[in-house]
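*Asks:* Sharing a structure with you now.
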Amino acid sequence: MPTSGVRLARTPDVDDIGAVNVRAWRGRFAGVIPAEVLEAFDPADLAIVWARAILHPPTPSYRLLVAVHDDVIVGYAAIGPSQDPDAEPTTGELVALEVDPDRVGEGHGSRLMAAAVDHARALGVESLVAWCALPDEARRAFLQSAGWGPDTAFRDMAVGQDPDGSPIVVREVRLVTDLTAADLSRTEPA
């Protein structure tokens, strides 16, 4: 019988996390970010970033979680304190939540979201924010189905450079949810 679950990430997981990271971004940002920029993303480089996050977390309340199916990593989520200038001390951030594109719709995103919320609540977080690229309607719909909603904040993120050297910028909107009142169990399978 296949088994699925979520656990804290371990250093042997970083290569798989990097690979999921690249596959997810290439799928979600196709048509938004030029193909040559997406192709330049290297799973090994991202594995190093994720290894640092596990071995030397940016803050004591940072958590990196992985979704596993039959011992294969199929997604990951990261939470930490919000770095937004207007954040309260009890505001956390869903820094990342990615599911392998071949595994979307199997409930891994919902399990990751529930585990991230549980960890955030255990750390005393009362609200969570997440930044979502405007063209990423599927992510925004997933978060909104879980009780998240936009506030009025947005930001422009440089995500690479065009071949001519000009920056590639993606506009993001901030979504927020109240962990003291929200029912975050309503997510659609992702």
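Letters A, B, ... mark the chains of the structure tokens in the order given; residue numbers begin at 1 per chain; ligand numbers begin at 1, in order shown.
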Taking the chain letters and numbering used in this document, name the residues of segment 8-62 of chain A that DSSP puts in alpha helix (DSSP H), as number ranges by chain.
*Replies:* A: 14-28, 35-40, 43-55
*Asks:* Quick one: which segment 20-70 of chain A residues come within 10 Å of segment 167-174 of chain A, and what is the nearest atom pair for each with the distance in Å to one decimal, counting only C-alpha atoms, rows ordered by chain and ascending number, as CSV?
*Replies:*
residue,atom,partner,partner_atom,distance
A:Phe29,CA,A:Val170,CA,9.9
A:Val32,CA,A:Val170,CA,7.9
A:Ile33,CA,A:Ile168,CA,7.3
A:Pro34,CA,A:Ile168,CA,8.6
A:Val37,CA,A:Ile168,CA,9.4
*Asks:* Hey, can you spit out that residue selection with N, CA and C atoms as a PDB file, in the first residue's frame?
*Replies:*
ATOM      1  N   PHE A  29       6.594  28.731 -14.252  1.00  0.00           N
ATOM      2  CA  PHE A  29       7.018  30.016 -14.814  1.00  0.00           C
ATOM      3  C   PHE A  29       7.273  29.974 -16.319  1.00  0.00           C
ATOM      4  N   VAL A  32       6.422  32.984 -18.479  1.00  0.00           N
ATOM      5  CA  VAL A  32       6.560  34.183 -17.644  1.00  0.00           C
ATOM      6  C   VAL A  32       8.021  34.610 -17.621  1.00  0.00           C
ATOM      7  N   ILE A  33       8.893  33.636 -17.431  1.00  0.00           N
ATOM      8  CA  ILE A  33      10.333  33.858 -17.428  1.00  0.00           C
ATOM      9  C   ILE A  33      10.876  33.223 -18.703  1.00  0.00           C
ATOM     10  N   PRO A  34      11.790  33.890 -19.413  1.00  0.00           N
ATOM     11  CA  PRO A  34      12.319  33.312 -20.656  1.00  0.00           C
ATOM     12  C   PRO A  34      12.884  31.899 -20.444  1.00  0.00           C
ATOM     13  N   VAL A  37      16.436  31.353 -19.261  1.00  0.00           N
ATOM     14  CA  VAL A  37      16.657  31.622 -17.836  1.00  0.00           C
ATOM     15  C   VAL A  37      16.218  30.410 -17.018  1.00  0.00           C
TER      16      VAL A  37
END
*Asks:* Please list as a ChimeraX atom specification every residue within 8 Å of Ser82 of chain A, counting only C-alpha atoms and excluding residues in the same chain fewer than 5 positions away.
*Replies:* /A:87,91-93,128-129
*Asks:* Which one is closest to Gly147 of chain A: A:Ala44, A:Leu123, A:Ala9, A:Ala181? Count only C-alpha atoms.
*Replies:*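 For Gly147 of chain A, the nearest of the candidates is A:Ala181.
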*Asks:* When distances are computed from only C-alpha atoms, which of A:Met113, A:Asp136, A:Pro60, A:Pro163 shows the smallest separation from Ala30 of chain A?
*Replies:*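 Between A:Met113, A:Asp136, A:Pro60, A:Pro163, the residue approaching Ala30 of chain A most closely is A:Asp136.
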*Asks:* Please provide as a list of chain:residue names all residues within 10 Å of Ala153 of chain A, with the sequence filter that same-chain residues fewer than 2 positions apart are discarded (counting only C-alpha atoms).
*Replies:*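 Surrounding residues, per the criterion: A:Asp84, A:Asp86, A:Trp131, A:Pro150, A:Asp151, A:Arg155, A:Glu172, A:Val173, A:Arg174, A:Leu175.
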*Asks:* Would you list, as a PyMOL selection string, the residues of segment 77-171 of chain A that end up in strand (DSSP E or B) under DSSP run on this structure's backbone?
*Replies:* chain A and resi 77-81+91-99+127-133+149-161+167-171
*Asks:* Output N, CA and C atoms for every residue in the selection just made, as a short mmCIF file (atom, residue, chain, number, x, y, z; two decimals), in the first residue's frame.
*Replies:*
data_model
loop_
_atom_site.label_atom_id
_atom_site.label_comp_id
_atom_site.auth_asym_id
_atom_site.auth_seq_id
_atom_site.Cartn_x
_atom_site.Cartn_y
_atom_site.Cartn_z
N ALA A 77 8.06 22.42 1.50
CA ALA A 77 7.55 23.71 1.97
C ALA A 77 8.54 24.26 2.98
N ALA A 78 8.64 25.57 3.03
CA ALA A 78 9.50 26.24 4.01
C ALA A 78 8.72 27.36 4.67
N ILE A 79 8.89 27.48 5.98
CA ILE A 79 8.29 28.59 6.72
C ILE A 79 9.38 29.27 7.55
N GLY A 80 9.12 30.50 7.87
CA GLY A 80 10.01 31.27 8.74
C GLY A 80 9.30 32.56 9.10
N PRO A 81 9.96 33.41 9.86
CA PRO A 81 9.35 34.70 10.20
C PRO A 81 9.23 35.56 8.94
N THR A 91 3.98 37.31 12.90
CA THR A 91 3.69 37.02 11.50
C THR A 91 4.78 36.15 10.92
N GLY A 92 4.37 35.03 10.37
CA GLY A 92 5.29 34.13 9.69
C GLY A 92 5.10 34.21 8.19
N GLU A 93 5.97 33.52 7.49
CA GLU A 93 5.88 33.50 6.03
C GLU A 93 6.00 32.08 5.51
N LEU A 94 5.11 31.74 4.61
CA LEU A 94 5.25 30.52 3.83
C LEU A 94 6.22 30.88 2.72
N VAL A 95 7.49 30.58 2.94
CA VAL A 95 8.56 31.01 2.05
C VAL A 95 8.51 30.24 0.73
N ALA A 96 8.15 28.98 0.81
CA ALA A 96 8.10 28.13 -0.40
C ALA A 96 7.09 27.02 -0.19
N LEU A 97 6.48 26.61 -1.28
CA LEU A 97 5.65 25.41 -1.28
C LEU A 97 5.61 24.95 -2.74
N GLU A 98 6.29 23.86 -3.01
CA GLU A 98 6.37 23.33 -4.37
C GLU A 98 6.08 21.85 -4.36
N VAL A 99 5.39 21.40 -5.39
CA VAL A 99 5.11 19.98 -5.60
C VAL A 99 5.59 19.63 -7.00
N SER A 127 -0.34 34.72 12.17
CA SER A 127 -0.75 34.91 10.78
C SER A 127 0.43 34.54 9.88
N LEU A 128 0.09 34.06 8.70
CA LEU A 128 1.10 33.70 7.71
C LEU A 128 0.87 34.52 6.45
N VAL A 129 1.97 34.92 5.82
CA VAL A 129 1.91 35.57 4.51
C VAL A 129 2.61 34.68 3.50
N ALA A 130 2.23 34.85 2.25
CA ALA A 130 2.89 34.17 1.14
C ALA A 130 2.88 35.13 -0.04
N TRP A 131 3.96 35.15 -0.78
CA TRP A 131 4.05 35.98 -1.97
C TRP A 131 3.77 35.10 -3.18
N CYS A 132 2.94 35.61 -4.09
CA CYS A 132 2.50 34.83 -5.24
C CYS A 132 2.65 35.69 -6.50
N ALA A 133 3.35 35.16 -7.50
CA ALA A 133 3.49 35.87 -8.77
C ALA A 133 2.11 36.08 -9.39
N GLY A 149 -6.05 35.28 1.57
CA GLY A 149 -6.58 36.34 0.73
C GLY A 149 -5.56 37.44 0.56
N PRO A 150 -5.68 38.20 -0.51
CA PRO A 150 -4.72 39.28 -0.73
C PRO A 150 -4.96 40.42 0.25
N ASP A 151 -3.86 41.03 0.69
CA ASP A 151 -4.01 42.31 1.37
C ASP A 151 -3.68 43.34 0.29
N THR A 152 -3.12 44.43 0.57
CA THR A 152 -2.89 45.42 -0.49
C THR A 152 -1.43 45.49 -0.93
N ALA A 153 -0.59 44.59 -0.42
CA ALA A 153 0.84 44.68 -0.71
C ALA A 153 1.20 43.97 -2.01
N PHE A 154 2.17 44.51 -2.69
CA PHE A 154 2.76 43.86 -3.86
C PHE A 154 4.24 44.22 -3.89
N ARG A 155 4.99 43.46 -4.67
CA ARG A 155 6.42 43.75 -4.84
C ARG A 155 6.84 43.26 -6.22
N ASP A 156 7.91 43.84 -6.70
CA ASP A 156 8.51 43.41 -7.97
C ASP A 156 9.80 42.68 -7.63
N MET A 157 9.91 41.45 -8.11
CA MET A 157 11.09 40.62 -7.83
C MET A 157 11.89 40.43 -9.11
N ALA A 158 13.19 40.74 -9.03
CA ALA A 158 14.09 40.44 -10.14
C ALA A 158 14.38 38.94 -10.10
N VAL A 159 14.12 38.25 -11.20
CA VAL A 159 14.28 36.79 -11.24
C VAL A 159 15.35 36.35 -12.24
N GLY A 160 16.03 37.29 -12.82
CA GLY A 160 17.07 36.95 -13.79
C GLY A 160 17.32 38.13 -14.71
N GLN A 161 18.06 37.85 -15.77
CA GLN A 161 18.37 38.88 -16.75
C GLN A 161 18.07 38.37 -18.14
N PRO A 167 16.97 43.52 -16.48
CA PRO A 167 16.40 42.62 -15.47
C PRO A 167 15.03 42.07 -15.91
N ILE A 168 14.79 40.83 -15.51
CA ILE A 168 13.47 40.23 -15.69
C ILE A 168 12.78 40.36 -14.34
N VAL A 169 11.64 41.03 -14.35
CA VAL A 169 10.93 41.34 -13.11
C VAL A 169 9.56 40.68 -13.14
N VAL A 170 9.21 40.06 -12.03
CA VAL A 170 7.89 39.46 -11.88
C VAL A 170 7.20 40.16 -10.71
N ARG A 171 5.99 40.63 -10.95
CA ARG A 171 5.22 41.27 -9.88
C ARG A 171 4.55 40.19 -9.04
#
*Asks:* Given only C-alpha atoms as the basis, pick out the residue of A:His69, A:Arg7, A:Gly109, A:Val14 nearest to Arg52 of chain A.
*Replies:* A:Val14
